[in-house]
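Please read the structure below before turning to the comments.
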Amino acid sequence: MTILTLVRHGETAWNYEGRIQGSTDIPLNDTGRLQARGIADTLAAEYAGREVVVVSSDLGRAAETADIIAAALGTEVARRFPGLQERSYGEAEGMDAPTFYDTYGPWHAADVPGAETWPVVRERALAALAEAVASAPDGVDVIAVAHGALIREVIMFATDGEFPREGERLPNCSATTFRLDGDRWEMLAYAGVAS
């Protein structure tokens, strides 16, 4: 059994502006670094006296968030997984949300030229998380820092689509926690909030 905590990276300038980042490598802004320190302090208190492995996406905003968390836990990031990168949004990267909706329609159903499909995002996310959990020593929990749309896909998989509910979002530096027991996922804490 493993406890897996998925943390969304801190805020970036594009998050602040409401622009779609996808696989574009946008760094944290100062607010994002403050958010990362906040979740790092929370996780350091929660994991006090326990061993934990920290992994992340290899995109800069998630990598820096993970570095801040790992430092607070007195460890280093064990590995950067390309499989934990945000969904590639193809031609929509850099667009603001209203332009996206006007151009492509509803978020989850949108057909964007050059974008990665949702099943592919889910498959690579689950494969990367399985590898991260399998490589952790027995009894050691895992914190994985990744991206909003990717984490949503994992949550939808783990809850058979019950979460996130319509209109909910995952704030920057929010944490959702699962207990993994073989192929069984149980959500212990959920970070979604109404938009």
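Residue numbers start at 1 in each chain; chains themselves are named A, B, ... in the order of the structure tokens; ligands are numbered from 1 in the order shown.
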Tell me which protein, DNA and RNA residues are within 12 Å of Val120 in chain A, counting only C-alpha atoms, leaving out same-chain ones fewer than 4 positions away, and put them as a PDB file with all heavy atoms, in the first residue's frame.
ATOM      1  N   GLY A  83       6.343  11.907 -18.508  1.00  0.00           N
ATOM      2  CA  GLY A  83       4.967  11.410 -18.539  1.00  0.00           C
ATOM      3  C   GLY A  83       4.018  12.176 -17.638  1.00  0.00           C
ATOM      4  O   GLY A  83       2.799  12.027 -17.740  1.00  0.00           O
ATOM      5  N   LEU A  84       4.550  13.020 -16.757  1.00  0.00           N
ATOM      6  CA  LEU A  84       3.705  13.851 -15.883  1.00  0.00           C
ATOM      7  C   LEU A  84       3.527  15.272 -16.415  1.00  0.00           C
ATOM      8  O   LEU A  84       2.942  16.114 -15.751  1.00  0.00           O
ATOM      9  CB  LEU A  84       4.283  13.896 -14.463  1.00  0.00           C
ATOM     10  CG  LEU A  84       4.277  12.575 -13.706  1.00  0.00           C
ATOM     11  CD1 LEU A  84       4.891  12.745 -12.321  1.00  0.00           C
ATOM     12  CD2 LEU A  84       2.860  12.003 -13.598  1.00  0.00           C
ATOM     13  N   GLN A  85       4.014  15.529 -17.639  1.00  0.00           N
ATOM     14  CA  GLN A  85       3.820  16.849 -18.241  1.00  0.00           C
ATOM     15  C   GLN A  85       2.339  17.124 -18.466  1.00  0.00           C
ATOM     16  O   GLN A  85       1.532  16.202 -18.620  1.00  0.00           O
ATOM     17  CB  GLN A  85       4.505  16.937 -19.605  1.00  0.00           C
ATOM     18  CG  GLN A  85       5.987  17.104 -19.552  1.00  0.00           C
ATOM     19  CD  GLN A  85       6.569  17.383 -20.926  1.00  0.00           C
ATOM     20  OE1 GLN A  85       5.851  17.672 -21.878  1.00  0.00           O
ATOM     21  NE2 GLN A  85       7.881  17.305 -21.023  1.00  0.00           N
ATOM     22  N   GLU A  86       2.016  18.418 -18.534  1.00  0.00           N
ATOM     23  CA  GLU A  86       0.645  18.820 -18.843  1.00  0.00           C
ATOM     24  C   GLU A  86       0.265  18.361 -20.238  1.00  0.00           C
ATOM     25  O   GLU A  86       1.128  18.116 -21.090  1.00  0.00           O
ATOM     26  CB  GLU A  86       0.534  20.351 -18.738  1.00  0.00           C
ATOM     27  CG  GLU A  86      -0.855  20.909 -19.017  1.00  0.00           C
ATOM     28  CD  GLU A  86      -1.924  20.418 -18.056  1.00  0.00           C
ATOM     29  OE1 GLU A  86      -2.281  19.222 -18.121  1.00  0.00           O
ATOM     30  OE2 GLU A  86      -2.428  21.229 -17.266  1.00  0.00           O
ATOM     31  N   ARG A  87      -1.032  18.237 -20.453  1.00  0.00           N
ATOM     32  CA  ARG A  87      -1.551  17.919 -21.780  1.00  0.00           C
ATOM     33  C   ARG A  87      -1.050  18.970 -22.770  1.00  0.00           C
ATOM     34  O   ARG A  87      -1.062  20.166 -22.480  1.00  0.00           O
ATOM     35  CB  ARG A  87      -3.075  17.949 -21.758  1.00  0.00           C
ATOM     36  CG  ARG A  87      -3.691  17.696 -23.118  1.00  0.00           C
ATOM     37  CD  ARG A  87      -5.168  18.019 -23.123  1.00  0.00           C
ATOM     38  NE  ARG A  87      -5.775  17.546 -24.360  1.00  0.00           N
ATOM     39  CZ  ARG A  87      -6.825  18.119 -24.923  1.00  0.00           C
ATOM     40  NH1 ARG A  87      -7.401  19.174 -24.361  1.00  0.00           N
ATOM     41  NH2 ARG A  87      -7.313  17.634 -26.041  1.00  0.00           N
ATOM     42  N   SER A  88      -0.630  18.518 -23.934  1.00  0.00           N
ATOM     43  CA  SER A  88      -0.299  19.437 -25.014  1.00  0.00           C
ATOM     44  C   SER A  88      -1.611  19.904 -25.644  1.00  0.00           C
ATOM     45  O   SER A  88      -2.447  19.080 -26.036  1.00  0.00           O
ATOM     46  CB  SER A  88       0.562  18.747 -26.067  1.00  0.00           C
ATOM     47  OG  SER A  88       0.680  19.577 -27.201  1.00  0.00           O
ATOM     48  N   ALA A 115      -3.661  18.988 -30.544  1.00  0.00           N
ATOM     49  CA  ALA A 115      -3.711  18.700 -29.101  1.00  0.00           C
ATOM     50  C   ALA A 115      -3.637  17.201 -28.846  1.00  0.00           C
ATOM     51  O   ALA A 115      -4.087  16.385 -29.653  1.00  0.00           O
ATOM     52  CB  ALA A 115      -4.989  19.257 -28.492  1.00  0.00           C
ATOM     53  N   GLU A 116      -3.084  16.864 -27.699  1.00  0.00           N
ATOM     54  CA  GLU A 116      -3.014  15.480 -27.242  1.00  0.00           C
ATOM     55  C   GLU A 116      -4.417  15.036 -26.817  1.00  0.00           C
ATOM     56  O   GLU A 116      -5.163  15.813 -26.212  1.00  0.00           O
ATOM     57  CB  GLU A 116      -2.061  15.452 -26.048  1.00  0.00           C
ATOM     58  CG  GLU A 116      -1.625  14.111 -25.593  1.00  0.00           C
ATOM     59  CD  GLU A 116      -0.579  14.222 -24.481  1.00  0.00           C
ATOM     60  OE1 GLU A 116      -0.416  15.310 -23.886  1.00  0.00           O
ATOM     61  OE2 GLU A 116       0.058  13.206 -24.220  1.00  0.00           O
ATOM     62  N   ARG A 124      -0.480   7.991 -20.182  1.00  0.00           N
ATOM     63  CA  ARG A 124       0.909   8.299 -19.835  1.00  0.00           C
ATOM     64  C   ARG A 124       1.029   8.743 -18.378  1.00  0.00           C
ATOM     65  O   ARG A 124       2.021   8.449 -17.707  1.00  0.00           O
ATOM     66  CB  ARG A 124       1.532   9.292 -20.796  1.00  0.00           C
ATOM     67  CG  ARG A 124       1.026  10.702 -20.740  1.00  0.00           C
ATOM     68  CD  ARG A 124       1.872  11.619 -21.631  1.00  0.00           C
ATOM     69  NE  ARG A 124       1.265  12.906 -21.840  1.00  0.00           N
ATOM     70  CZ  ARG A 124       1.287  13.906 -20.956  1.00  0.00           C
ATOM     71  NH1 ARG A 124       1.885  13.751 -19.792  1.00  0.00           N
ATOM     72  NH2 ARG A 124       0.720  15.060 -21.241  1.00  0.00           N
ATOM     73  N   ALA A 125       0.009   9.446 -17.867  1.00  0.00           N
ATOM     74  CA  ALA A 125       0.034   9.855 -16.457  1.00  0.00           C
ATOM     75  C   ALA A 125       0.027   8.645 -15.544  1.00  0.00           C
ATOM     76  O   ALA A 125       0.836   8.546 -14.608  1.00  0.00           O
ATOM     77  CB  ALA A 125      -1.160  10.756 -16.152  1.00  0.00           C
ATOM     78  N   LEU A 126      -0.871   7.712 -15.810  1.00  0.00           N
ATOM     79  CA  LEU A 126      -0.963   6.515 -14.965  1.00  0.00           C
ATOM     80  C   LEU A 126       0.305   5.673 -15.063  1.00  0.00           C
ATOM     81  O   LEU A 126       0.757   5.113 -14.063  1.00  0.00           O
ATOM     82  CB  LEU A 126      -2.196   5.693 -15.338  1.00  0.00           C
ATOM     83  CG  LEU A 126      -3.535   6.362 -15.024  1.00  0.00           C
ATOM     84  CD1 LEU A 126      -4.687   5.533 -15.578  1.00  0.00           C
ATOM     85  CD2 LEU A 126      -3.697   6.596 -13.523  1.00  0.00           C
ATOM     86  N   ALA A 127       0.899   5.599 -16.250  1.00  0.00           N
ATOM     87  CA  ALA A 127       2.143   4.843 -16.406  1.00  0.00           C
ATOM     88  C   ALA A 127       3.273   5.488 -15.610  1.00  0.00           C
ATOM     89  O   ALA A 127       4.038   4.799 -14.925  1.00  0.00           O
ATOM     90  CB  ALA A 127       2.518   4.740 -17.886  1.00  0.00           C
ATOM     91  N   LEU A 150      -3.803  17.169 -16.223  1.00  0.00           N
ATOM     92  CA  LEU A 150      -3.315  15.803 -16.023  1.00  0.00           C
ATOM     93  C   LEU A 150      -3.833  15.238 -14.700  1.00  0.00           C
ATOM     94  O   LEU A 150      -4.316  14.099 -14.644  1.00  0.00           O
ATOM     95  CB  LEU A 150      -1.794  15.784 -16.057  1.00  0.00           C
ATOM     96  CG  LEU A 150      -1.164  14.412 -15.855  1.00  0.00           C
ATOM     97  CD1 LEU A 150      -0.056  14.172 -16.865  1.00  0.00           C
ATOM     98  CD2 LEU A 150      -0.627  14.239 -14.446  1.00  0.00           C
ATOM     99  N   GLU A 153      -7.416  14.206 -14.937  1.00  0.00           N
ATOM    100  CA  GLU A 153      -7.581  12.906 -15.609  1.00  0.00           C
ATOM    101  C   GLU A 153      -7.341  11.758 -14.636  1.00  0.00           C
ATOM    102  O   GLU A 153      -8.049  10.759 -14.656  1.00  0.00           O
ATOM    103  CB  GLU A 153      -6.637  12.791 -16.808  1.00  0.00           C
ATOM    104  CG  GLU A 153      -7.142  13.429 -18.053  1.00  0.00           C
ATOM    105  CD  GLU A 153      -8.449  12.834 -18.541  1.00  0.00           C
ATOM    106  OE1 GLU A 153      -8.529  11.615 -18.797  1.00  0.00           O
ATOM    107  OE2 GLU A 153      -9.418  13.604 -18.664  1.00  0.00           O
ATOM    108  N   VAL A 154      -6.329  11.894 -13.792  1.00  0.00           N
ATOM    109  CA  VAL A 154      -6.039  10.852 -12.808  1.00  0.00           C
ATOM    110  C   VAL A 154      -7.183  10.746 -11.803  1.00  0.00           C
ATOM    111  O   VAL A 154      -7.621   9.643 -11.452  1.00  0.00           O
ATOM    112  CB  VAL A 154      -4.693  11.110 -12.099  1.00  0.00           C
ATOM    113  CG1 VAL A 154      -4.473  10.127 -10.960  1.00  0.00           C
ATOM    114  CG2 VAL A 154      -3.543  11.046 -13.107  1.00  0.00           C
TER     115      VAL A 154
END
| said: For the helix (DSSP H, G or I) assignment from backbone DSSP, which residues of chain A qualify? Please present them as a VMD selection string. | reply: chain A and resid 13 to 17 30 to 46 60 to 72 82 to 84 90 to 92 97 to 104 118 to 135 148 to 158
| query | Could you name the residues that touch range 40-47 of chain A at 8 Å or less, counting only C-alpha atoms, but leaving out those on the same chain fewer than 4 positions away, as a ChimeraX atom specification? | reply | /A:36,51-52,68-70,72-73
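Using only C-alpha atoms, the nearest neighbour of Val53 in chain A within the list A:Asn15, A:Thr117, A:Thr31, A:Thr5 is A:Thr5.
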| field | Spatial neighbours of His147 in chain A, max dist 10 Å, only C-alpha atoms, sep filter under 5 positions, as a list of chain:residue names | value | A:Leu6, A:Val7, A:Arg8, A:His9, A:Gly10, A:Gln21, A:Gly22, A:Ser23, A:Ser56, A:Ser57, A:Leu59, A:Arg61, A:Ala62, A:Leu84, A:Gln85, A:Glu86, A:Arg87, A:Arg152, A:Leu170, A:Asn172, A:Cys173
| query | Using only C-alpha atoms, which residues sit within 10 Å of Leu180 in chain A once same-chain residues fewer than 6 positions away are excluded, as an MDAnalysis selection string? | reply | chainID A and resid 1:4 130 133 141 158 186:187
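The nearest approach to Ser174 in chain A among the residues A:Ala97, A:Val77, A:Ala13, A:Val145, with only C-alpha atoms taken into account, belongs to A:Val145.
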| message | Among chain A, which ones does DSSP assign to strand (DSSP E) (computed from the backbone)? Answer as number ranges by chain. | response | A: 2-8, 52-57, 77-81, 141-146, 168-169, 175-181, 184-189, 193-194
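Closest approach to Gly167 in chain A among A:Ala194, A:Arg19, A:Ala134, A:Thr103 is made by A:Ala194 (distances from only C-alpha atoms).
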| message | Which residues are close to Val55 in chain A, i.e. within 9 Å by only C-alpha atoms, leaving aside same-chain residues fewer than 2 positions away? Reply as a list in words. | response | Val53, Ser57, Ala63, Ala66, Ala70, Glu76, Val77, Ala78, Arg79, Arg80, Phe81, Ala132, Val142, Ile143, Ala144, Val145 and Ala146 of chain A
Taking all heavy atoms for each residue, export the selection above as a CSV table (one decimal), in the first residue's frame.
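File produced: result.csv:
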chain,number,residue,atom,x,y,z
A,53,VAL,N,9.0,10.1,-1.0
A,53,VAL,CA,9.7,10.3,-2.2
A,53,VAL,C,9.0,11.4,-3.0
A,53,VAL,O,7.8,11.3,-3.1
A,53,VAL,CB,9.8,9.0,-3.1
A,53,VAL,CG1,10.3,9.3,-4.5
A,53,VAL,CG2,10.6,7.9,-2.4
A,57,SER,N,6.8,16.4,-12.8
A,57,SER,CA,6.9,16.6,-14.3
A,57,SER,C,8.3,17.3,-14.5
A,57,SER,O,8.9,17.9,-13.6
A,57,SER,CB,5.8,17.5,-14.7
A,57,SER,OG,6.1,18.3,-15.9
A,63,ALA,N,8.7,21.3,-11.8
A,63,ALA,CA,10.0,21.0,-11.2
A,63,ALA,C,10.4,21.9,-10.1
A,63,ALA,O,10.9,21.5,-9.0
A,63,ALA,CB,11.1,21.0,-12.3
A,66,ALA,N,8.3,21.2,-7.0
A,66,ALA,CA,8.8,20.0,-6.4
A,66,ALA,C,10.1,20.2,-5.6
A,66,ALA,O,10.3,19.7,-4.5
A,66,ALA,CB,9.0,18.9,-7.4
A,70,ALA,N,10.5,19.4,-1.8
A,70,ALA,CA,11.5,18.4,-1.3
A,70,ALA,C,12.4,19.1,-0.3
A,70,ALA,O,12.8,18.4,0.7
A,70,ALA,CB,12.3,17.9,-2.5
A,76,GLU,N,15.6,15.5,-1.7
A,76,GLU,CA,15.7,16.0,-3.1
A,76,GLU,C,14.7,15.3,-3.9
A,76,GLU,O,14.2,14.2,-3.6
A,76,GLU,CB,17.1,15.8,-3.6
A,76,GLU,CG,18.2,16.5,-2.9
A,76,GLU,CD,19.6,16.3,-3.4
A,76,GLU,OE1,19.7,15.5,-4.4
A,76,GLU,OE2,20.5,16.9,-2.9
A,77,VAL,N,14.4,15.9,-5.1
A,77,VAL,CA,13.4,15.3,-6.0
A,77,VAL,C,14.1,14.1,-6.6
A,77,VAL,O,15.3,14.1,-7.1
A,77,VAL,CB,13.0,16.3,-7.1
A,77,VAL,CG1,12.2,15.6,-8.2
A,77,VAL,CG2,12.3,17.5,-6.5
A,78,ALA,N,13.4,12.9,-6.5
A,78,ALA,CA,14.0,11.7,-6.9
A,78,ALA,C,14.1,11.6,-8.4
A,78,ALA,O,15.0,11.0,-9.0
A,78,ALA,CB,13.2,10.5,-6.3
A,79,ARG,N,13.1,12.1,-9.1
A,79,ARG,CA,13.0,11.9,-10.6
A,79,ARG,C,12.1,12.9,-11.2
A,79,ARG,O,11.1,13.3,-10.6
A,79,ARG,CB,12.6,10.5,-10.9
A,79,ARG,CG,12.8,10.2,-12.4
A,79,ARG,CD,12.8,8.7,-12.6
A,79,ARG,NE,12.6,8.4,-14.0
A,79,ARG,CZ,12.2,7.3,-14.5
A,79,ARG,NH1,11.8,6.3,-13.7
A,79,ARG,NH2,12.0,7.2,-15.8
A,80,ARG,N,12.4,13.3,-12.4
A,80,ARG,CA,11.5,14.2,-13.3
A,80,ARG,C,10.9,13.3,-14.4
A,80,ARG,O,11.7,12.7,-15.1
A,80,ARG,CB,12.2,15.3,-13.9
A,80,ARG,CG,13.2,16.1,-13.0
A,80,ARG,CD,12.5,17.1,-12.2
A,80,ARG,NE,13.5,17.9,-11.5
A,80,ARG,CZ,13.3,18.6,-10.4
A,80,ARG,NH1,12.1,18.6,-9.9
A,80,ARG,NH2,14.2,19.3,-9.8
A,81,PHE,N,9.6,13.2,-14.4
A,81,PHE,CA,9.0,12.3,-15.4
A,81,PHE,C,8.3,13.1,-16.5
A,81,PHE,O,7.4,13.8,-16.3
A,81,PHE,CB,7.8,11.5,-14.7
A,81,PHE,CG,8.3,10.4,-13.8
A,81,PHE,CD1,8.5,10.6,-12.5
A,81,PHE,CD2,8.5,9.1,-14.3
A,81,PHE,CE1,9.0,9.6,-11.6
A,81,PHE,CE2,8.9,8.1,-13.5
A,81,PHE,CZ,9.1,8.3,-12.1
A,132,ALA,N,6.7,5.6,-10.7
A,132,ALA,CA,7.1,6.3,-9.5
A,132,ALA,C,6.8,5.6,-8.2
A,132,ALA,O,7.7,5.4,-7.3
A,132,ALA,CB,6.5,7.7,-9.4
A,142,VAL,N,4.6,8.7,-1.8
A,142,VAL,CA,5.0,9.4,-2.9
A,142,VAL,C,4.3,10.7,-3.1
A,142,VAL,O,3.0,10.8,-3.0
A,142,VAL,CB,4.9,8.6,-4.2
A,142,VAL,CG1,5.3,9.4,-5.5
A,142,VAL,CG2,5.7,7.3,-4.1
A,143,ILE,N,5.0,11.8,-3.3
A,143,ILE,CA,4.4,13.1,-3.6
A,143,ILE,C,4.8,13.4,-5.1
A,143,ILE,O,6.0,13.4,-5.4
A,143,ILE,CB,4.9,14.3,-2.7
A,143,ILE,CG1,4.4,14.0,-1.3
A,143,ILE,CG2,4.4,15.6,-3.3
A,143,ILE,CD1,5.1,15.0,-0.3
A,144,ALA,N,3.8,13.6,-6.0
A,144,ALA,CA,4.1,13.8,-7.4
A,144,ALA,C,3.5,15.2,-7.7
A,144,ALA,O,2.4,15.5,-7.5
A,144,ALA,CB,3.4,12.8,-8.2
A,145,VAL,N,4.4,16.1,-8.2
A,145,VAL,CA,4.0,17.4,-8.6
A,145,VAL,C,3.8,17.4,-10.1
A,145,VAL,O,4.7,17.1,-10.9
A,145,VAL,CB,5.1,18.5,-8.2
A,145,VAL,CG1,4.6,19.9,-8.6
A,145,VAL,CG2,5.4,18.4,-6.7
A,146,ALA,N,2.6,17.8,-10.5
A,146,ALA,CA,2.3,17.8,-11.9
A,146,ALA,C,1.4,19.0,-12.3
A,146,ALA,O,1.6,20.1,-11.7
A,146,ALA,CB,1.6,16.5,-12.3
| message | Please compute the CA of Val54 in chain A-CA of Ile39 in chain A distance, one decimal, in Å. | response | 13.2 Å
| query | Looking at A:Gly74, A:Gly90, A:Val140, A:Arg179, which one is nearest to Ala110 in chain A, with distances taken over only C-alpha atoms? | reply |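 Once distances to Ala110 in chain A are computed over only C-alpha atoms, the minimum belongs to A:Gly90.
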| query | Could you state the separation of CA of Gly94 in chain A and CA of Ile20 in chain A in Å, given to one decimal place? | reply |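 Value for the CA of Gly94 in chain A-CA of Ile20 in chain A distance: 5.1 Å.
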| note | Nearest to Ala71 in chain A, restricted to only C-alpha atoms and choosing among A:Asp138, A:Asp160, A:Tyr104, A:Arg37, comes out as A:Arg37
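Among the candidates A:Pro119, A:Glu64, A:Arg50, A:Arg165, the residue lying nearest to Glu11 in chain A is A:Glu64 (atoms considered: only C-alpha atoms).
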